[in-house]
file model.txt (compact mmCIF, C-alpha atoms)
# COMPACT_ATOMS: atom_id res chain seq x y z
CA MET A 102 0.00 0.00 0.00
CA VAL A 103 2.82 2.43 0.89
CA LEU A 104 4.69 1.63 -2.33
CA ARG A 105 1.51 2.04 -4.38
CA PHE A 106 0.88 5.43 -2.78
CA ALA A 107 4.47 6.53 -3.42
CA ALA A 108 4.24 5.59 -7.08
CA ALA A 109 0.94 7.44 -7.45
CA ALA A 110 2.42 10.51 -5.78
CA LEU A 111 5.43 10.44 -8.12
CA LEU A 112 3.18 10.28 -11.17
CA LEU A 113 1.21 13.23 -9.80
CA LEU A 114 4.38 15.27 -9.29
CA LEU A 115 5.50 14.49 -12.84
CA GLY A 116 2.14 15.58 -14.17
CA THR A 117 1.44 12.17 -15.67
CA GLY A 118 -0.72 9.21 -14.92
CA PRO A 119 -0.68 5.55 -15.83
CA VAL A 120 -1.07 4.83 -19.54
CA THR A 121 -4.49 3.42 -20.26
CA ALA A 122 -5.11 0.63 -22.75
CA GLN A 123 -6.85 3.14 -25.03
CA GLN A 124 -3.82 5.46 -24.96
CA ALA A 125 -1.51 2.55 -25.68
CA ARG A 126 -3.61 1.60 -28.71
CA ARG A 127 -3.33 5.17 -30.00
CA ALA A 128 0.48 5.15 -29.84
CA PRO A 129 1.69 4.94 -33.45
CA ALA A 130 3.86 1.98 -34.34
CA THR A 131 7.34 2.80 -35.58
CA ASN A 132 7.79 2.42 -39.31
CA TRP A 133 11.35 1.19 -39.24
CA VAL A 134 11.83 1.92 -42.94
CA ASN A 135 12.22 5.57 -41.93
CA VAL A 136 15.01 4.83 -39.44
CA VAL A 137 18.38 5.17 -41.18
CA ALA A 138 21.87 5.43 -39.70
CA LYS A 139 25.48 5.15 -40.74
CA THR A 140 27.07 2.16 -39.04
CA PRO A 141 30.49 1.88 -37.39
CA GLU A 142 31.46 -0.43 -40.26
CA GLY A 143 30.85 2.41 -42.72
CA GLY A 144 27.65 1.13 -44.29
CA PHE A 145 24.16 2.62 -44.13
CA ARG A 146 21.50 0.71 -42.22
CA GLN A 147 17.75 0.92 -42.72
CA GLY A 148 15.53 -0.45 -39.99
CA ASN A 149 15.55 -1.47 -36.36
CA PRO A 150 19.15 -1.50 -35.04
CA ASN A 151 18.10 -4.26 -32.62
CA ALA A 152 16.33 -6.38 -35.23
CA PRO A 153 16.82 -10.12 -34.72
CA ILE A 154 17.65 -10.55 -38.41
CA LYS A 155 20.48 -8.46 -39.81
CA LEU A 156 20.93 -8.41 -43.57
CA VAL A 157 24.06 -6.87 -45.09
CA GLU A 158 24.55 -6.36 -48.80
CA TYR A 159 27.91 -5.59 -50.33
CA GLY A 160 26.84 -3.90 -53.53
CA SER A 161 27.96 -1.83 -56.48
CA ARG A 162 25.87 0.91 -58.06
CA THR A 163 27.13 -0.04 -61.53
CA CYS A 164 26.49 -3.77 -61.08
CA PRO A 165 23.55 -4.98 -63.23
CA THR A 166 22.71 -7.84 -60.84
CA CYS A 167 22.59 -5.35 -57.96
CA GLY A 168 20.28 -3.24 -60.09
CA HIS A 169 17.98 -6.22 -60.66
CA PHE A 170 17.87 -6.90 -56.93
CA ALA A 171 17.03 -3.26 -56.25
CA ALA A 172 14.20 -3.40 -58.79
CA GLU A 173 12.73 -6.73 -57.65
CA GLY A 174 13.63 -7.17 -54.01
CA VAL A 175 13.96 -3.90 -52.16
CA GLU A 176 10.26 -2.96 -52.09
CA PRO A 177 9.04 -6.32 -50.67
CA LEU A 178 12.06 -6.41 -48.36
CA ARG A 179 11.00 -3.10 -46.86
CA ARG A 180 7.30 -3.90 -46.76
CA GLU A 181 7.48 -7.45 -45.42
CA TRP A 182 10.62 -7.42 -43.31
CA ILE A 183 12.04 -4.00 -42.45
CA ALA A 184 8.88 -2.03 -41.64
CA SER A 185 7.89 -4.30 -38.75
CA GLY A 186 11.30 -4.12 -37.11
CA LYS A 187 12.25 -7.77 -37.45
CA LEU A 188 14.99 -7.14 -40.01
CA SER A 189 17.55 -4.43 -40.62
CA TYR A 190 19.17 -3.96 -44.02
CA GLU A 191 22.63 -2.47 -44.41
CA PHE A 192 24.20 -1.46 -47.71
CA ARG A 193 28.00 -1.48 -47.88
CA ASP A 194 30.03 -0.40 -50.88
CA PHE A 195 32.09 -2.88 -52.84
CA LEU A 196 33.72 -1.12 -55.78
CA ILE A 197 33.55 -3.94 -58.28
CA HIS A 198 34.02 -1.51 -61.21
CA GLY A 199 36.58 0.73 -59.57
CA VAL A 200 36.52 4.50 -59.91
CA PRO A 201 33.01 4.92 -61.44
CA ASP A 202 31.66 3.07 -58.40
CA LEU A 203 33.71 5.32 -56.14
CA SER A 204 32.25 8.43 -57.79
CA LEU A 205 28.68 7.30 -57.20
CA ALA A 206 29.43 6.11 -53.67
CA LEU A 207 30.93 9.48 -52.73
CA LEU A 208 28.00 11.41 -54.20
CA ASN A 209 25.44 9.15 -52.52
CA GLN A 210 27.10 9.75 -49.16
CA CYS A 211 26.92 13.52 -49.71
CA VAL A 212 23.17 13.64 -49.22
CA PRO A 213 21.61 13.75 -45.72
CA THR A 214 21.53 10.34 -44.05
CA ALA A 215 17.73 10.17 -44.25
CA ARG A 216 18.00 10.58 -48.05
CA PHE A 217 20.66 7.92 -48.56
CA PHE A 218 18.31 5.09 -49.54
CA PRO A 219 15.93 7.13 -51.72
CA VAL A 220 18.94 8.37 -53.71
CA LEU A 221 20.44 4.87 -53.82
CA ASP A 222 17.12 3.61 -55.23
CA GLN A 223 17.18 6.29 -57.92
CA ILE A 224 20.78 5.52 -58.87
CA PHE A 225 19.88 1.87 -59.41
CA ALA A 226 16.70 2.79 -61.29
CA ASN A 227 18.76 4.99 -63.64
CA GLN A 228 21.75 2.68 -63.89
CA LYS A 229 21.76 2.70 -67.70
CA ALA A 230 22.24 6.47 -67.66
CA PHE A 231 25.74 5.85 -66.29
CA ASP A 232 26.57 2.46 -67.77
CA GLU A 233 25.91 3.34 -71.41
CA PRO A 234 28.18 6.43 -71.54
CA LEU A 235 30.80 4.54 -69.53
CA HIS A 236 30.93 1.70 -72.05
CA LYS A 237 30.99 4.20 -74.91
CA LEU A 238 33.88 6.02 -73.24
CA ILE A 239 35.78 2.77 -72.76
CA ASP A 240 35.21 1.80 -76.41
CA THR A 241 36.06 5.17 -77.97
CA GLN A 242 38.65 6.62 -75.57
CA PRO A 243 40.38 3.70 -73.85
CA LYS A 244 43.62 5.62 -73.31
CA THR A 245 41.74 8.46 -71.62
CA VAL A 246 39.98 6.02 -69.31
CA GLU A 247 43.27 4.33 -68.49
CA ALA A 248 44.89 7.70 -67.75
CA TRP A 249 42.03 8.75 -65.46
CA GLN A 250 42.32 5.51 -63.52
CA GLN A 251 45.94 6.33 -62.75
CA LEU A 252 45.06 9.67 -61.17
CA PRO A 253 44.76 10.17 -57.40
CA PRO A 254 41.33 8.94 -56.23
CA ALA A 255 39.74 12.39 -55.80
CA GLN A 256 40.78 13.54 -59.27
CA ALA A 257 39.79 10.26 -60.90
CA ALA A 258 36.39 10.25 -59.19
CA THR A 259 35.75 13.80 -60.38
CA LYS A 260 36.74 13.01 -63.98
CA PHE A 261 34.31 10.09 -64.20
CA ALA A 262 31.54 12.03 -62.44
CA GLU A 263 31.88 14.84 -64.99
CA ALA A 264 32.04 12.53 -68.01
CA LEU A 265 29.12 10.31 -67.01
CA GLY A 266 26.65 13.03 -66.04
CA MET A 267 26.70 12.24 -62.33
CA LEU A 268 26.94 15.88 -61.26
CA SER A 269 23.79 16.90 -63.10
CA PHE A 270 22.01 13.74 -61.91
CA MET A 271 22.75 14.59 -58.28
CA ASN A 272 21.98 18.28 -58.79
CA ALA A 273 18.48 17.29 -59.91
CA ARG A 274 18.16 15.47 -56.59
CA GLY A 275 19.08 18.43 -54.44
CA LEU A 276 22.87 18.23 -54.29
CA PRO A 277 24.45 21.45 -55.62
CA GLU A 278 27.39 20.95 -57.96
CA ALA A 279 29.82 22.84 -55.73
CA GLN A 280 28.96 20.60 -52.79
CA ALA A 281 29.18 17.50 -54.97
CA ARG A 282 32.68 18.47 -56.09
CA ARG A 283 33.77 18.96 -52.49
CA CYS A 284 32.47 15.50 -51.63
CA LEU A 285 34.30 13.92 -54.55
CA ALA A 286 37.52 15.44 -53.22
CA ASN A 287 36.87 14.64 -49.54
CA PRO A 288 39.78 12.47 -48.31
CA ALA A 289 37.88 11.26 -45.24
CA LEU A 290 34.97 10.02 -47.36
CA ILE A 291 37.34 8.34 -49.81
CA LYS A 292 39.23 6.65 -46.98
CA GLY A 293 35.98 5.49 -45.37
CA ILE A 294 34.65 3.92 -48.56
CA ALA A 295 38.01 2.27 -49.23
CA GLY A 296 37.83 0.80 -45.73
CA VAL A 297 34.37 -0.64 -46.35
CA ASN A 298 35.60 -2.13 -49.61
CA ALA A 299 38.59 -3.68 -47.84
CA GLY A 300 36.30 -5.06 -45.15
CA GLY A 301 34.26 -6.80 -47.80
CA ALA A 302 37.36 -8.30 -49.39
CA ASN A 303 38.52 -9.54 -45.98
CA ALA A 304 35.10 -11.17 -45.50
CA GLY A 305 35.54 -13.08 -48.74
CA VAL A 306 33.49 -10.87 -51.03
CA GLN A 307 34.60 -11.21 -54.64
CA GLY A 308 31.50 -10.14 -56.54
CA THR A 309 28.29 -8.22 -56.14
CA PRO A 310 25.77 -8.45 -54.74
CA SER A 311 27.04 -10.46 -51.77
CA PHE A 312 24.61 -10.99 -48.90
CA PHE A 313 25.23 -11.81 -45.27
CA VAL A 314 22.41 -12.87 -42.92
CA ASN A 315 23.31 -12.50 -39.26
CA GLY A 316 26.98 -12.51 -40.18
CA ARG A 317 26.78 -15.62 -42.38
CA ARG A 318 27.41 -15.28 -46.07
CA VAL A 319 24.58 -16.81 -48.07
CA ARG A 320 24.58 -18.04 -51.65
CA ALA A 321 22.00 -15.66 -53.04
CA PHE A 322 22.14 -13.06 -55.79
CA THR A 323 18.45 -12.45 -56.47
CA TRP A 324 15.37 -11.76 -54.37
CA ASP A 325 14.00 -15.24 -55.11
CA GLN A 326 17.22 -16.79 -53.81
CA LEU A 327 17.41 -14.54 -50.76
CA GLN A 328 13.86 -15.08 -49.49
CA PRO A 329 14.40 -18.68 -48.28
CA GLU A 330 17.48 -17.54 -46.35
CA LEU A 331 15.45 -14.85 -44.60
CA ARG A 332 12.65 -17.27 -43.79
CA ALA A 333 15.16 -19.72 -42.34
CA ALA A 334 16.59 -16.97 -40.13
CA ASP A 335 13.07 -16.09 -39.00
CA SER A 336 12.11 -19.63 -38.01

call {"tool": "encode", "arguments": {"input": "model.txt", "output": "structure tokens"}}
result
Amino acid sequence: MVLRFAAAALLLLLGTGPVTAQQARRAPATNWVNVVAKTPEGGFRQGNPNAPIKLVEYGSRTCPTCGHFAAEGVEPLRREWIASGKLSYEFRDFLIHGVPDLSLALLNQCVPTARFFPVLDQIFANQKAFDEPLHKLIDTQPKTVEAWQQLPPAQAATKFAEALGMLSFMNARGLPEAQARRCLANPALIKGIAGVNAGGANAGVQGTPSFFVNGRRVRAFTWDQLQPELRAADS
């Protein structure tokens, strides 16, 4: 009785009372799709940080298979797994195509954290806008491409971003060109992305996409192949 009175008195002093069942029902559930953070490993995580299932993708923005996964798998992944809080999804860069991947990775990391995944989605959806001019450049100016690849990373990333229309693409998505150029030349960002890439290589990643479920690498490259792995982790 004394303890009950003390608790009631404390609630009165705080200006609150016990939460009723009706109030609890009114409390909105968290949509974990909207919760995004940069991780200590250098990736970007969408979803509940304490989710029992943790999915990590090592991906490349110029990788066609990654683009197919983004088109087919990301929407159901968010709707069926991330939104409820039972799974978190982390994207980590693996620069399978070298400097063009670095350019896009740097620019994607220039936007506010909350915008990382919407911009990533748009990069994948417009993948051909970068791939086609890149292949044309390789076919028609191979010596130029080779020379650019020998430049310091910041200069090389800027050259490819200019040639492949990345600056205008990002400007249309709210990133001013001057800011984009600063990001392309940011040594801390370059070092961070290189570290993520090295971490993937140390984990045995050789191609993209590579998926890890709760730290275990799974043999899956498509949404159809990944779903059974997620269901097994959920059982």

call {"tool": "residues_around", "arguments": {"input": "model.txt", "residues": "region 212-228 of chain A", "least_positions_apart": "2", "cutoff": "7 Å", "atoms": "only C-alpha atoms", "output": "number ranges by chain"}}
result
A: 137-138, 162-163, 168, 171, 209-210, 230-232, 276

call {"tool": "atom_distance", "arguments": {"input": "model.txt", "atom1": "CA of Ile294 (chain A)", "atom2": "CA of His236 (chain A)"}}
result
23.9 Å

call {"tool": "closest_residue", "arguments": {"input": "model.txt", "among": "A:Ala334, A:Leu268, A:Ala295, A:Leu208", "to": "Gly143 (chain A)", "atoms": "only C-alpha atoms"}}
result
A:Ala295

call {"tool": "atom_distance", "arguments": {"input": "model.txt", "atom1": "CA of Gly275 (chain A)", "atom2": "CA of Ala255 (chain A)"}}
result
21.6 Å

call {"tool": "closest_residue", "arguments": {"input": "model.txt", "among": "A:Arg332, A:His169, A:Lys260, A:Arg180", "to": "Val200 (chain A)", "atoms": "only C-alpha atoms"}}
result
A:Lys260

call {"tool": "closest_residue", "arguments": {"input": "model.txt", "among": "A:Leu235, A:Leu178, A:Leu290, A:Ala304", "to": "Cys211 (chain A)", "atoms": "only C-alpha atoms"}}
result
A:Leu290

call {"tool": "atom_distance", "arguments": {"input": "model.txt", "atom1": "CA of Val134 (chain A)", "atom2": "CA of Cys164 (chain A)"}}
result
24.0 Å

call {"tool": "residues_around", "arguments": {"input": "model.txt", "residues": "Arg282 (chain A)", "least_positions_apart": "2", "cutoff": "12 Å", "atoms": "all atoms listed in the file", "output": "ChimeraX atom specification"}}
result
/A:204-205,207-208,211,255-263,267-269,271-272,276-280,284-287

call {"tool": "residues_near_point", "arguments": {"input": "model.txt", "point": "(12.1, 0.6, -38.3)", "cutoff": "9 Å", "atoms": "all atoms listed in the file", "output": "NGL selection string"}}
result
:A and (131-137 or 147-150 or 152 or 183-189)

call {"tool": "closest_residue", "arguments": {"input": "model.txt", "among": "A:Ala289, A:Gly199, A:Gly305, A:Glu191", "to": "Gln251 (chain A)", "atoms": "all atoms listed in the file"}}
result
A:Gly199

call {"tool": "closest_residue", "arguments": {"input": "model.txt", "among": "A:Val306, A:Leu238, A:Leu265, A:Val314", "to": "Tyr159 (chain A)", "atoms": "only C-alpha atoms"}}
result
A:Val306

call {"tool": "closest_residue", "arguments": {"input": "model.txt", "among": "A:Asn303, A:Gln326, A:Thr309, A:Thr241", "to": "Glu173 (chain A)", "atoms": "all atoms listed in the file"}}
result
A:Gln326

call {"tool": "residues_around", "arguments": {"input": "model.txt", "residues": "Phe313 (chain A)", "least_positions_apart": "5", "cutoff": "9 Å", "atoms": "all atoms listed in the file", "output": "PyMOL selection string"}}
result
chain A and resi 155-159+318-320

call {"tool": "residues_around", "arguments": {"input": "model.txt", "residues": "Ile239 (chain A)", "least_positions_apart": "4", "cutoff": "12 Å", "atoms": "only C-alpha atoms", "output": "PyMOL selection string"}}
result
chain A and resi 201+232-235+243-250+261+264-265

call {"tool": "build_atoms", "arguments": {"input": "model.txt", "residues": "region 236-268 of chain A", "atoms": "N, CA and C atoms", "output": "mmCIF file, in the coordinates of the input"}}
result
data_model
loop_
_atom_site.group_PDB
_atom_site.id
_atom_site.type_symbol
_atom_site.label_atom_id
_atom_site.label_comp_id
_atom_site.auth_asym_id
_atom_site.auth_seq_id
_atom_site.Cartn_x
_atom_site.Cartn_y
_atom_site.Cartn_z
ATOM 1 N N HIS A 236 30.483 2.675 -71.060
ATOM 2 C CA HIS A 236 30.930 1.700 -72.050
ATOM 3 C C HIS A 236 31.337 2.388 -73.363
ATOM 4 N N LYS A 237 30.621 3.439 -73.708
ATOM 5 C CA LYS A 237 30.990 4.200 -74.910
ATOM 6 C C LYS A 237 32.360 4.849 -74.731
ATOM 7 N N LEU A 238 32.590 5.386 -73.535
ATOM 8 C CA LEU A 238 33.880 6.020 -73.240
ATOM 9 C C LEU A 238 35.005 4.998 -73.304
ATOM 10 N N ILE A 239 34.768 3.824 -72.741
ATOM 11 C CA ILE A 239 35.780 2.770 -72.760
ATOM 12 C C ILE A 239 36.080 2.334 -74.196
ATOM 13 N N ASP A 240 35.039 2.250 -75.024
ATOM 14 C CA ASP A 240 35.210 1.800 -76.410
ATOM 15 C C ASP A 240 35.901 2.842 -77.284
ATOM 16 N N THR A 241 35.575 4.114 -77.063
ATOM 17 C CA THR A 241 36.060 5.170 -77.970
ATOM 18 C C THR A 241 37.306 5.887 -77.453
ATOM 19 N N GLN A 242 37.505 5.893 -76.137
ATOM 20 C CA GLN A 242 38.650 6.620 -75.570
ATOM 21 C C GLN A 242 39.349 5.770 -74.503
ATOM 22 N N PRO A 243 39.791 4.584 -74.860
ATOM 23 C CA PRO A 243 40.380 3.700 -73.850
ATOM 24 C C PRO A 243 41.616 4.287 -73.167
ATOM 25 N N LYS A 244 42.422 5.043 -73.915
ATOM 26 C CA LYS A 244 43.620 5.620 -73.310
ATOM 27 C C LYS A 244 43.263 6.698 -72.285
ATOM 28 N N THR A 245 42.203 7.454 -72.579
ATOM 29 C CA THR A 245 41.740 8.460 -71.620
ATOM 30 C C THR A 245 41.264 7.803 -70.336
ATOM 31 N N VAL A 246 40.480 6.746 -70.483
ATOM 32 C CA VAL A 246 39.980 6.020 -69.310
ATOM 33 C C VAL A 246 41.133 5.459 -68.499
ATOM 34 N N GLU A 247 42.110 4.885 -69.182
ATOM 35 C CA GLU A 247 43.270 4.330 -68.490
ATOM 36 C C GLU A 247 44.037 5.428 -67.751
ATOM 37 N N ALA A 248 44.182 6.591 -68.392
ATOM 38 C CA ALA A 248 44.890 7.700 -67.750
ATOM 39 C C ALA A 248 44.144 8.197 -66.518
ATOM 40 N N TRP A 249 42.826 8.298 -66.608
ATOM 41 C CA TRP A 249 42.030 8.750 -65.460
ATOM 42 C C TRP A 249 42.181 7.786 -64.281
ATOM 43 N N GLN A 250 42.230 6.502 -64.594
ATOM 44 C CA GLN A 250 42.320 5.510 -63.520
ATOM 45 C C GLN A 250 43.653 5.567 -62.789
ATOM 46 N N GLN A 251 44.632 6.200 -63.400
ATOM 47 C CA GLN A 251 45.940 6.330 -62.750
ATOM 48 C C GLN A 251 46.043 7.587 -61.890
ATOM 49 N N LEU A 252 45.045 8.441 -61.960
ATOM 50 C CA LEU A 252 45.060 9.670 -61.170
ATOM 51 C C LEU A 252 44.812 9.375 -59.697
ATOM 52 N N PRO A 253 45.155 10.319 -58.800
ATOM 53 C CA PRO A 253 44.760 10.170 -57.400
ATOM 54 C C PRO A 253 43.248 10.004 -57.298
ATOM 55 N N PRO A 254 42.756 9.279 -56.294
ATOM 56 C CA PRO A 254 41.330 8.940 -56.230
ATOM 57 C C PRO A 254 40.374 10.123 -56.380
ATOM 58 N N ALA A 255 40.659 11.241 -55.725
ATOM 59 C CA ALA A 255 39.740 12.390 -55.800
ATOM 60 C C ALA A 255 39.652 12.923 -57.224
ATOM 61 N N GLN A 256 40.789 13.033 -57.899
ATOM 62 C CA GLN A 256 40.780 13.540 -59.270
ATOM 63 C C GLN A 256 40.108 12.551 -60.223
ATOM 64 N N ALA A 257 40.397 11.275 -60.031
ATOM 65 C CA ALA A 257 39.790 10.260 -60.900
ATOM 66 C C ALA A 257 38.280 10.223 -60.718
ATOM 67 N N ALA A 258 37.828 10.277 -59.465
ATOM 68 C CA ALA A 258 36.390 10.250 -59.190
ATOM 69 C C ALA A 258 35.692 11.438 -59.831
ATOM 70 N N THR A 259 36.334 12.593 -59.793
ATOM 71 C CA THR A 259 35.750 13.800 -60.380
ATOM 72 C C THR A 259 35.679 13.683 -61.902
ATOM 73 N N LYS A 260 36.731 13.161 -62.524
ATOM 74 C CA LYS A 260 36.740 13.010 -63.980
ATOM 75 C C LYS A 260 35.581 12.130 -64.452
ATOM 76 N N PHE A 261 35.392 10.992 -63.790
ATOM 77 C CA PHE A 261 34.310 10.090 -64.200
ATOM 78 C C PHE A 261 32.943 10.698 -63.894
ATOM 79 N N ALA A 262 32.822 11.395 -62.782
ATOM 80 C CA ALA A 262 31.540 12.030 -62.440
ATOM 81 C C ALA A 262 31.157 13.068 -63.485
ATOM 82 N N GLU A 263 32.144 13.836 -63.955
ATOM 83 C CA GLU A 263 31.880 14.840 -64.990
ATOM 84 C C GLU A 263 31.485 14.169 -66.311
ATOM 85 N N ALA A 264 32.242 13.151 -66.697
ATOM 86 C CA ALA A 264 32.040 12.530 -68.010
ATOM 87 C C ALA A 264 30.743 11.742 -68.103
ATOM 88 N N LEU A 265 30.284 11.203 -66.982
ATOM 89 C CA LEU A 265 29.120 10.310 -67.010
ATOM 90 C C LEU A 265 27.833 10.990 -66.552
ATOM 91 N N GLY A 266 27.872 12.304 -66.374
ATOM 92 C CA GLY A 266 26.650 13.030 -66.040
ATOM 93 C C GLY A 266 26.192 12.883 -64.597
ATOM 94 N N MET A 267 27.087 12.451 -63.730
ATOM 95 C CA MET A 267 26.700 12.240 -62.330
ATOM 96 C C MET A 267 26.411 13.543 -61.598
ATOM 97 N N LEU A 268 27.124 14.597 -61.952
ATOM 98 C CA LEU A 268 26.940 15.880 -61.260
ATOM 99 C C LEU A 268 25.545 16.439 -61.532
#
